[in-house]
>>> print(open('query-v5.txt').read())   # compact mmCIF, C-alpha atoms
# COMPACT_ATOMS: atom_id res chain seq x y z
CA PHE A 257 -71.03 -82.42 86.75
CA GLY A 258 -74.58 -81.95 85.50
CA GLY A 259 -75.87 -79.49 88.10
CA ILE A 260 -75.54 -78.72 91.78
CA ASP A 261 -77.93 -81.52 92.81
CA ASN A 262 -76.11 -84.17 90.79
CA PRO A 263 -74.53 -86.89 93.00
CA ALA A 264 -71.27 -86.61 91.03
CA PHE A 265 -71.04 -82.94 91.99
CA THR A 266 -71.63 -83.78 95.66
CA ASP A 267 -68.93 -86.45 95.50
CA GLU A 268 -66.45 -83.95 94.05
CA VAL A 269 -67.28 -81.43 96.78
CA ARG A 270 -66.70 -84.12 99.40
CA TYR A 271 -63.29 -84.86 97.93
CA ALA A 272 -62.22 -81.26 97.31
CA HIS A 273 -63.42 -80.17 100.72
CA GLY A 274 -60.53 -82.05 102.23
CA PRO A 275 -59.69 -84.13 105.30
CA ILE A 276 -62.22 -82.73 107.79
CA TRP A 277 -65.18 -83.96 105.73
CA ALA A 278 -65.04 -87.21 107.70
CA ASP A 279 -65.34 -85.36 111.02
CA PRO A 280 -68.82 -86.05 112.46
CA ALA A 281 -68.98 -82.44 113.66
CA ASP A 282 -68.14 -80.95 110.24
CA PRO A 283 -70.99 -78.50 109.44
CA ALA A 284 -70.74 -79.27 105.72
CA ARG A 285 -71.45 -82.94 106.50
CA VAL A 286 -74.07 -82.43 109.19
CA LEU A 287 -76.01 -79.47 107.78
CA GLY A 288 -75.52 -79.79 104.04
CA TRP A 289 -74.29 -76.68 102.22
CA PRO A 290 -72.81 -74.47 104.95
CA ALA A 291 -73.98 -70.87 105.20
CA VAL A 292 -73.45 -67.82 107.37
CA GLU A 293 -75.95 -65.01 107.79
CA VAL A 294 -74.57 -61.52 107.35
CA ASP A 295 -76.78 -58.45 107.76
CA GLY A 296 -79.86 -60.61 107.24
CA VAL A 297 -78.59 -62.32 104.07
CA LYS A 298 -77.27 -65.89 103.89
CA HIS A 299 -73.95 -66.54 102.15
CA LEU A 300 -72.00 -69.72 101.48
CA ASP A 301 -69.52 -70.18 104.33
CA ARG A 302 -66.26 -70.21 102.41
CA LEU A 303 -64.23 -70.80 105.56
CA THR A 304 -66.02 -74.10 106.07
CA LEU A 305 -66.30 -75.25 102.46
CA THR A 306 -62.74 -74.52 101.41
CA LEU A 307 -62.38 -76.79 98.34
CA GLU A 308 -58.59 -76.67 98.13
CA ARG A 309 -57.66 -80.35 98.23
CA ARG A 310 -57.11 -81.04 94.50
CA LEU A 311 -55.07 -77.86 94.07
CA LEU A 312 -52.82 -78.52 97.05
CA SER A 313 -52.45 -82.22 96.32
CA ALA A 314 -51.01 -81.31 92.90
CA SER A 315 -48.65 -78.65 94.30
CA ARG A 316 -45.01 -78.87 95.39
CA GLY A 317 -45.54 -76.02 97.84
CA VAL A 318 -47.98 -73.30 98.82
CA LEU A 319 -47.59 -69.54 99.36
CA VAL A 320 -50.10 -67.69 101.54
CA HIS A 321 -50.29 -64.14 102.90
CA ASP A 322 -50.72 -64.67 106.64
CA PRO A 323 -49.48 -66.96 109.45
CA PHE A 324 -52.99 -68.03 110.44
CA ARG A 325 -53.76 -69.51 107.03
CA ALA A 326 -50.27 -71.05 106.81
CA ASN A 327 -50.71 -72.88 110.11
CA TRP A 328 -54.21 -73.99 109.10
CA LEU A 329 -52.91 -75.53 105.87
CA ARG A 330 -49.93 -77.18 107.60
CA THR A 331 -52.35 -78.93 109.94
CA ARG A 332 -54.47 -80.22 107.06
CA TYR A 333 -51.57 -81.07 104.73
CA PRO A 334 -48.45 -81.76 106.83
CA GLU A 335 -46.64 -83.27 103.83
CA ILE A 336 -46.81 -80.08 101.72
CA PRO A 337 -44.43 -77.13 102.41
CA VAL A 338 -46.34 -73.93 103.23
CA TYR A 339 -44.69 -70.50 103.22
CA THR A 340 -45.93 -67.11 104.40
CA VAL A 341 -45.22 -64.21 102.02
CA ALA A 342 -46.76 -60.85 102.89
CA SER A 343 -49.13 -59.36 100.32
CA GLY A 344 -47.27 -56.55 98.59
CA ALA A 345 -48.47 -52.99 98.12
CA PRO A 346 -46.85 -49.76 96.90
CA VAL A 347 -45.60 -47.16 99.34
CA ILE A 348 -47.71 -44.09 98.59
CA GLU A 349 -46.14 -40.69 99.23
CA ASP A 350 -48.05 -38.81 101.91
CA ASP A 351 -47.85 -35.42 100.20
CA PRO A 352 -49.87 -32.68 102.01
CA ARG A 353 -50.28 -30.86 98.70
CA THR A 354 -51.92 -33.90 97.11
CA LYS A 355 -54.14 -34.31 100.17
CA SER A 356 -55.31 -30.69 100.09
CA ALA A 357 -55.80 -30.57 96.32
CA THR A 358 -57.78 -33.80 96.24
CA ARG A 359 -60.01 -32.66 99.09
CA ALA A 360 -60.58 -29.32 97.38
CA LYS A 361 -61.90 -31.13 94.30
CA LEU A 362 -64.42 -32.84 96.56
CA GLY A 363 -65.38 -29.54 98.18
CA TRP A 364 -63.76 -30.49 101.48
CA ARG A 365 -61.19 -28.78 103.69
CA ASP A 366 -58.03 -29.86 105.51
CA ASP A 367 -59.81 -29.73 108.88
CA HIS A 368 -62.41 -32.30 107.84
CA VAL A 369 -61.95 -35.85 109.16
CA VAL A 370 -62.27 -38.12 106.14
CA PHE A 371 -63.11 -41.84 106.27
CA GLY A 372 -62.80 -43.89 103.10
CA MET A 373 -64.21 -47.16 101.75
CA PHE A 374 -62.32 -48.44 98.72
CA GLY A 375 -62.85 -51.37 96.35
CA GLY A 376 -65.65 -52.91 94.31
CA PHE A 377 -69.31 -52.46 95.29
CA THR A 378 -70.13 -56.00 96.48
CA ALA A 379 -72.30 -57.42 99.25
CA ILE A 380 -69.37 -58.69 101.30
CA LYS A 381 -67.98 -55.15 101.67
CA ARG A 382 -70.99 -54.27 103.90
CA MET A 383 -71.11 -50.70 102.63
CA ARG A 384 -74.62 -50.09 103.94
CA VAL A 385 -73.48 -50.92 107.48
CA ALA A 386 -70.53 -48.54 107.16
CA VAL A 387 -72.78 -45.71 105.92
CA LEU A 388 -75.21 -46.26 108.81
CA ALA A 389 -72.31 -46.15 111.27
CA PHE A 390 -70.94 -43.01 109.61
CA ALA A 391 -74.34 -41.32 110.01
CA GLN A 392 -73.99 -41.72 113.79
CA VAL A 393 -70.48 -40.25 113.69
CA ARG A 394 -71.66 -37.35 111.50
CA ARG A 395 -74.38 -36.40 114.00
CA ARG A 396 -71.81 -36.04 116.78
CA TRP A 397 -68.96 -34.59 114.73
CA PRO A 398 -70.21 -32.41 111.83
CA GLN A 399 -66.69 -32.18 110.37
CA ALA A 400 -66.72 -35.93 109.51
CA ARG A 401 -66.75 -36.90 105.83
CA LEU A 402 -67.01 -40.23 103.98
CA LEU A 403 -65.52 -41.32 100.65
CA ILE A 404 -66.88 -44.39 98.83
CA VAL A 405 -64.53 -45.31 95.99
CA GLY A 406 -64.59 -48.26 93.62
CA HIS A 407 -66.03 -50.06 90.63
CA ALA A 408 -69.80 -50.55 90.54
CA ARG A 409 -69.75 -54.35 90.24
CA GLU A 410 -73.24 -54.94 91.63
CA ALA A 411 -75.82 -52.34 90.58
CA ASP A 412 -78.20 -53.25 93.40
CA ILE A 413 -75.49 -52.58 95.99
CA VAL A 414 -74.78 -49.17 94.45
CA ALA A 415 -78.51 -48.34 94.46
CA ASP A 416 -78.85 -49.44 98.08
CA VAL A 417 -75.90 -47.28 99.20
CA GLU A 418 -77.24 -44.26 97.32
CA GLN A 419 -80.70 -44.77 98.84
CA VAL A 420 -79.28 -44.86 102.37
CA ILE A 421 -77.25 -41.70 101.73
CA SER A 422 -80.40 -39.95 100.48
CA GLU A 423 -82.67 -41.18 103.28
CA LEU A 424 -80.18 -40.10 105.96
CA ARG A 425 -79.56 -36.75 104.23
CA LEU A 426 -75.82 -37.31 104.00
CA ALA A 427 -75.30 -35.96 100.49
CA ASP A 428 -73.32 -32.98 101.81
CA SER A 429 -70.84 -35.19 103.66
CA VAL A 430 -70.53 -38.34 101.49
CA ARG A 431 -68.93 -38.59 98.04
CA VAL A 432 -69.25 -41.66 95.79
CA VAL A 433 -66.43 -41.93 93.23
CA PRO A 434 -67.12 -44.78 90.77
CA GLY A 435 -64.36 -46.33 88.66
CA PRO A 436 -61.35 -44.08 89.38
CA ASP A 437 -58.08 -44.66 87.54
CA LYS A 438 -54.99 -45.78 89.46
CA ASP A 439 -53.63 -42.28 90.15
CA GLU A 440 -56.98 -40.95 91.34
CA PHE A 441 -57.47 -44.05 93.49
CA GLN A 442 -54.15 -43.45 95.26
CA ASN A 443 -54.77 -39.70 95.63
CA LEU A 444 -58.11 -40.42 97.29
CA ILE A 445 -56.38 -42.74 99.77
CA VAL A 446 -53.95 -39.92 100.59
CA ALA A 447 -56.94 -37.58 101.03
CA SER A 448 -58.39 -39.92 103.69
CA ASP A 449 -57.52 -40.05 107.37
CA ALA A 450 -58.71 -43.62 107.99
CA LEU A 451 -60.07 -46.37 105.75
CA ILE A 452 -62.87 -48.83 106.46
CA GLY A 453 -63.09 -52.45 105.30
CA LEU A 454 -65.86 -54.46 106.99
CA ARG A 455 -65.50 -57.50 104.72
CA TRP A 456 -67.64 -60.46 105.80
CA PRO A 457 -68.06 -63.29 105.04
CA THR A 458 -64.46 -64.15 104.22
CA ALA A 459 -62.49 -66.97 102.59
CA GLY A 460 -59.44 -66.03 104.65
CA GLU A 461 -58.16 -63.56 102.07
CA THR A 462 -55.92 -60.54 102.63
CA SER A 463 -57.38 -57.21 101.52
CA ALA A 464 -55.30 -55.43 98.89
CA VAL A 465 -56.92 -52.14 99.95
CA MET A 466 -55.80 -52.76 103.53
CA MET A 467 -52.21 -53.24 102.37
CA ARG A 468 -52.37 -50.06 100.26
CA THR A 469 -53.68 -48.26 103.33
CA PHE A 470 -50.62 -49.33 105.31
CA GLY A 471 -48.44 -48.24 102.37
CA ALA A 472 -49.94 -44.76 102.69
CA GLY A 473 -49.45 -44.64 106.46
CA ARG A 474 -53.17 -44.61 107.22
CA LEU A 475 -55.28 -46.37 109.84
CA PHE A 476 -57.58 -49.21 108.76
CA ILE A 477 -60.85 -50.07 110.51
CA THR A 478 -61.71 -53.69 109.74
CA THR A 479 -63.52 -56.81 110.83
CA ASP A 480 -61.72 -58.80 113.54
CA LEU A 481 -60.65 -61.78 111.41
CA PRO A 482 -57.91 -64.36 112.18
CA GLN A 483 -55.88 -63.43 109.09
CA HIS A 484 -55.52 -59.86 110.41
CA ARG A 485 -54.36 -60.63 113.92
CA HIS A 486 -50.63 -60.83 113.19
CA PHE A 487 -50.61 -57.09 112.43
CA ASP A 488 -49.72 -54.75 115.26
CA ARG A 489 -52.88 -53.14 116.67
CA SER A 490 -51.32 -49.70 116.10
CA PHE A 491 -52.31 -50.11 112.43
>>> encode(input="query-v5.txt", output="structure tokens")
Amino acid sequence: FGGIDNPAFTDEVRYAHGPIWADPADPARVLGWPAVEVDGVKHLDRLTLTLERRLLSASRGVLVHDPFRANWLRTRYPEIPVYTVASGAPVIEDDPRTKSATRAKLGWRDDHVVFGMFGGFTAIKRMRVAVLAFAQVRRRWPQARLLIVGHAREADIVADVEQVISELRLADSVRVVPGPDKDEFQNLIVASDALIGLRWPTAGETSAVMMRTFGAGRLFITTDLPQHRHFDRSF
């Protein structure tokens, strides 16, 4: 469309944004490009600027992963069938031998309490916040450990996490595992007691890591988002 400031681009955003663009209270209309501030950094608010209208208008039906998003779409597009289909994930065998062997490779024992963050190194994962929170836990419970596992997608995020680990002197209790293969990834989940996923901002997506966590019978500590609230709190 010739650039973000081109009127044709703005017109397309207005159309793709969907029915609520005409609402006088719509932040995208009143404030321009909508943004949310997360940990001091502004991000595009993808829950406000959803841009799904052309896709849905050309569809005979829609599949989504959670009841919240299904109801939201039904309200906006009552003429289009919307179905909820849970995001799939493998059931991972909770083998104590795998747990012990994987921890031993990390230099950790069975009596350590291991938290894990899994997935790509990106700003929305809020890894720095999780490391800062873990530092508080570690001071009170010396047996606490933290795994950070995933592909190094954003080098500055990796550098920031490593700097925080160094500044807080957590090198003895935190392990960073970049780019594991599928088997190692699953073994590291089994080696964890609880996983952490503080994703924000969100576009309403379901976390694949969260579903894998459930498949391994582990707890998941996450941001309180509408798309998570249909799960039983015992998870």
>>> atom_distance(input="query-v5.txt", atom1="atom CA of A:Trp456", atom2="atom CA of A:Ile380")
5.1 Å
>>> closest_residue(input="query-v5.txt", among="A:Arg485, A:Glu418, A:Thr469, A:Asp322", to="A:Ser343", atoms="all atoms listed in the file")
A:Asp322
>>> closest_residue(input="query-v5.txt", among="A:Val369, A:Ile348, A:Met467, A:Ala272", to="A:Lys438", atoms="all atoms listed in the file")
A:Ile348
>>> atom_distance(input="query-v5.txt", atom1="atom CA of A:Arg310", atom2="atom CA of A:Thr340")
20.4 Å
>>> residues_near_point(input="query-v5.txt", point="(-76.0, -40.4, 110.8)", cutoff="12 Å", atoms="only C-alpha atoms", output="PyMOL selection string")
chain A and resi 384-398+400-402+420-430
>>> residues_near_point(input="query-v5.txt", point="(-52.0, -52.0, 112.1)", cutoff="10 Å", atoms="only C-alpha atoms", output="list in words")
Met466, Met467, Thr469, Phe470, Gly473, Arg474, Leu475, Phe476, Ile477, His484, Arg485, His486, Phe487, Asp488, Arg489, Ser490 and Phe491 of chain A
>>> closest_residue(input="query-v5.txt", among="A:Pro263, A:Arg382, A:Pro436, A:Ile445", to="A:Val347", atoms="all atoms listed in the file")
A:Ile445
>>> atom_distance(input="query-v5.txt", atom1="atom CA of A:Arg455", atom2="atom CA of A:Thr478")
7.4 Å
>>> closest_residue(input="query-v5.txt", among="A:Val433, A:Ala447, A:Val338, A:Val417", to="A:Arg365", atoms="all atoms listed in the file")
A:Ala447
>>> closest_residue(input="query-v5.txt", among="A:Pro434, A:Gly317, A:Gly406, A:Gly363", to="A:Pro337", atoms="only C-alpha atoms")
A:Gly317
>>> closest_residue(input="query-v5.txt", among="A:Ala415, A:Met373, A:Glu410, A:Lys381", to="A:Asp449", atoms="all atoms listed in the file")
A:Met373
>>> build_atoms(input="query-v5.txt", residues="stretch 363-377 of chain A", atoms="N, CA, C and O atoms", output="mmCIF file, in the frame of the given file")
data_model
loop_
_atom_site.group_PDB
_atom_site.id
_atom_site.type_symbol
_atom_site.label_atom_id
_atom_site.label_comp_id
_atom_site.auth_asym_id
_atom_site.auth_seq_id
_atom_site.Cartn_x
_atom_site.Cartn_y
_atom_site.Cartn_z
ATOM 1 N N GLY A 363 -64.707 -30.592 97.434
ATOM 2 C CA GLY A 363 -65.380 -29.540 98.180
ATOM 3 C C GLY A 363 -65.155 -29.619 99.668
ATOM 4 O O GLY A 363 -65.932 -29.065 100.457
ATOM 5 N N TRP A 364 -64.072 -30.311 100.071
ATOM 6 C CA TRP A 364 -63.760 -30.490 101.480
ATOM 7 C C TRP A 364 -62.482 -29.771 101.869
ATOM 8 O O TRP A 364 -61.645 -29.454 101.024
ATOM 9 N N ARG A 365 -62.315 -29.549 103.175
ATOM 10 C CA ARG A 365 -61.190 -28.780 103.690
ATOM 11 C C ARG A 365 -60.194 -29.691 104.420
ATOM 12 O O ARG A 365 -60.480 -30.851 104.728
ATOM 13 N N ASP A 366 -59.060 -29.108 104.787
ATOM 14 C CA ASP A 366 -58.030 -29.860 105.510
ATOM 15 C C ASP A 366 -58.483 -30.222 106.924
ATOM 16 O O ASP A 366 -58.003 -31.213 107.491
ATOM 17 N N ASP A 367 -59.398 -29.439 107.510
ATOM 18 C CA ASP A 367 -59.810 -29.730 108.880
ATOM 19 C C ASP A 367 -60.954 -30.744 108.956
ATOM 20 O O ASP A 367 -61.392 -31.097 110.060
ATOM 21 N N HIS A 368 -61.430 -31.225 107.820
ATOM 22 C CA HIS A 368 -62.410 -32.300 107.840
ATOM 23 C C HIS A 368 -61.720 -33.625 108.185
ATOM 24 O O HIS A 368 -60.552 -33.829 107.839
ATOM 25 N N VAL A 369 -62.443 -34.501 108.863
ATOM 26 C CA VAL A 369 -61.950 -35.850 109.160
ATOM 27 C C VAL A 369 -62.587 -36.798 108.147
ATOM 28 O O VAL A 369 -63.808 -36.984 108.154
ATOM 29 N N VAL A 370 -61.757 -37.368 107.285
ATOM 30 C CA VAL A 370 -62.270 -38.120 106.140
ATOM 31 C C VAL A 370 -62.048 -39.624 106.334
ATOM 32 O O VAL A 370 -60.913 -40.086 106.509
ATOM 33 N N PHE A 371 -63.148 -40.376 106.293
ATOM 34 C CA PHE A 371 -63.110 -41.840 106.270
ATOM 35 C C PHE A 371 -63.285 -42.290 104.825
ATOM 36 O O PHE A 371 -63.974 -41.622 104.042
ATOM 37 N N GLY A 372 -62.691 -43.415 104.471
ATOM 38 C CA GLY A 372 -62.800 -43.890 103.100
ATOM 39 C C GLY A 372 -63.102 -45.378 103.029
ATOM 40 O O GLY A 372 -62.560 -46.173 103.810
ATOM 41 N N MET A 373 -63.986 -45.747 102.098
ATOM 42 C CA MET A 373 -64.210 -47.160 101.750
ATOM 43 C C MET A 373 -63.797 -47.333 100.298
ATOM 44 O O MET A 373 -64.305 -46.620 99.416
ATOM 45 N N PHE A 374 -62.889 -48.270 100.041
ATOM 46 C CA PHE A 374 -62.320 -48.440 98.720
ATOM 47 C C PHE A 374 -62.498 -49.878 98.241
ATOM 48 O O PHE A 374 -62.417 -50.824 99.030
ATOM 49 N N GLY A 375 -62.710 -50.037 96.934
ATOM 50 C CA GLY A 375 -62.850 -51.370 96.350
ATOM 51 C C GLY A 375 -64.192 -51.517 95.665
ATOM 52 O O GLY A 375 -65.018 -50.597 95.642
ATOM 53 N N GLY A 376 -64.420 -52.690 95.063
ATOM 54 C CA GLY A 376 -65.650 -52.910 94.310
ATOM 55 C C GLY A 376 -66.892 -52.891 95.190
ATOM 56 O O GLY A 376 -66.855 -53.255 96.365
ATOM 57 N N PHE A 377 -68.011 -52.444 94.606
ATOM 58 C CA PHE A 377 -69.310 -52.460 95.290
ATOM 59 C C PHE A 377 -69.835 -53.895 95.276
ATOM 60 O O PHE A 377 -70.421 -54.349 94.291
#
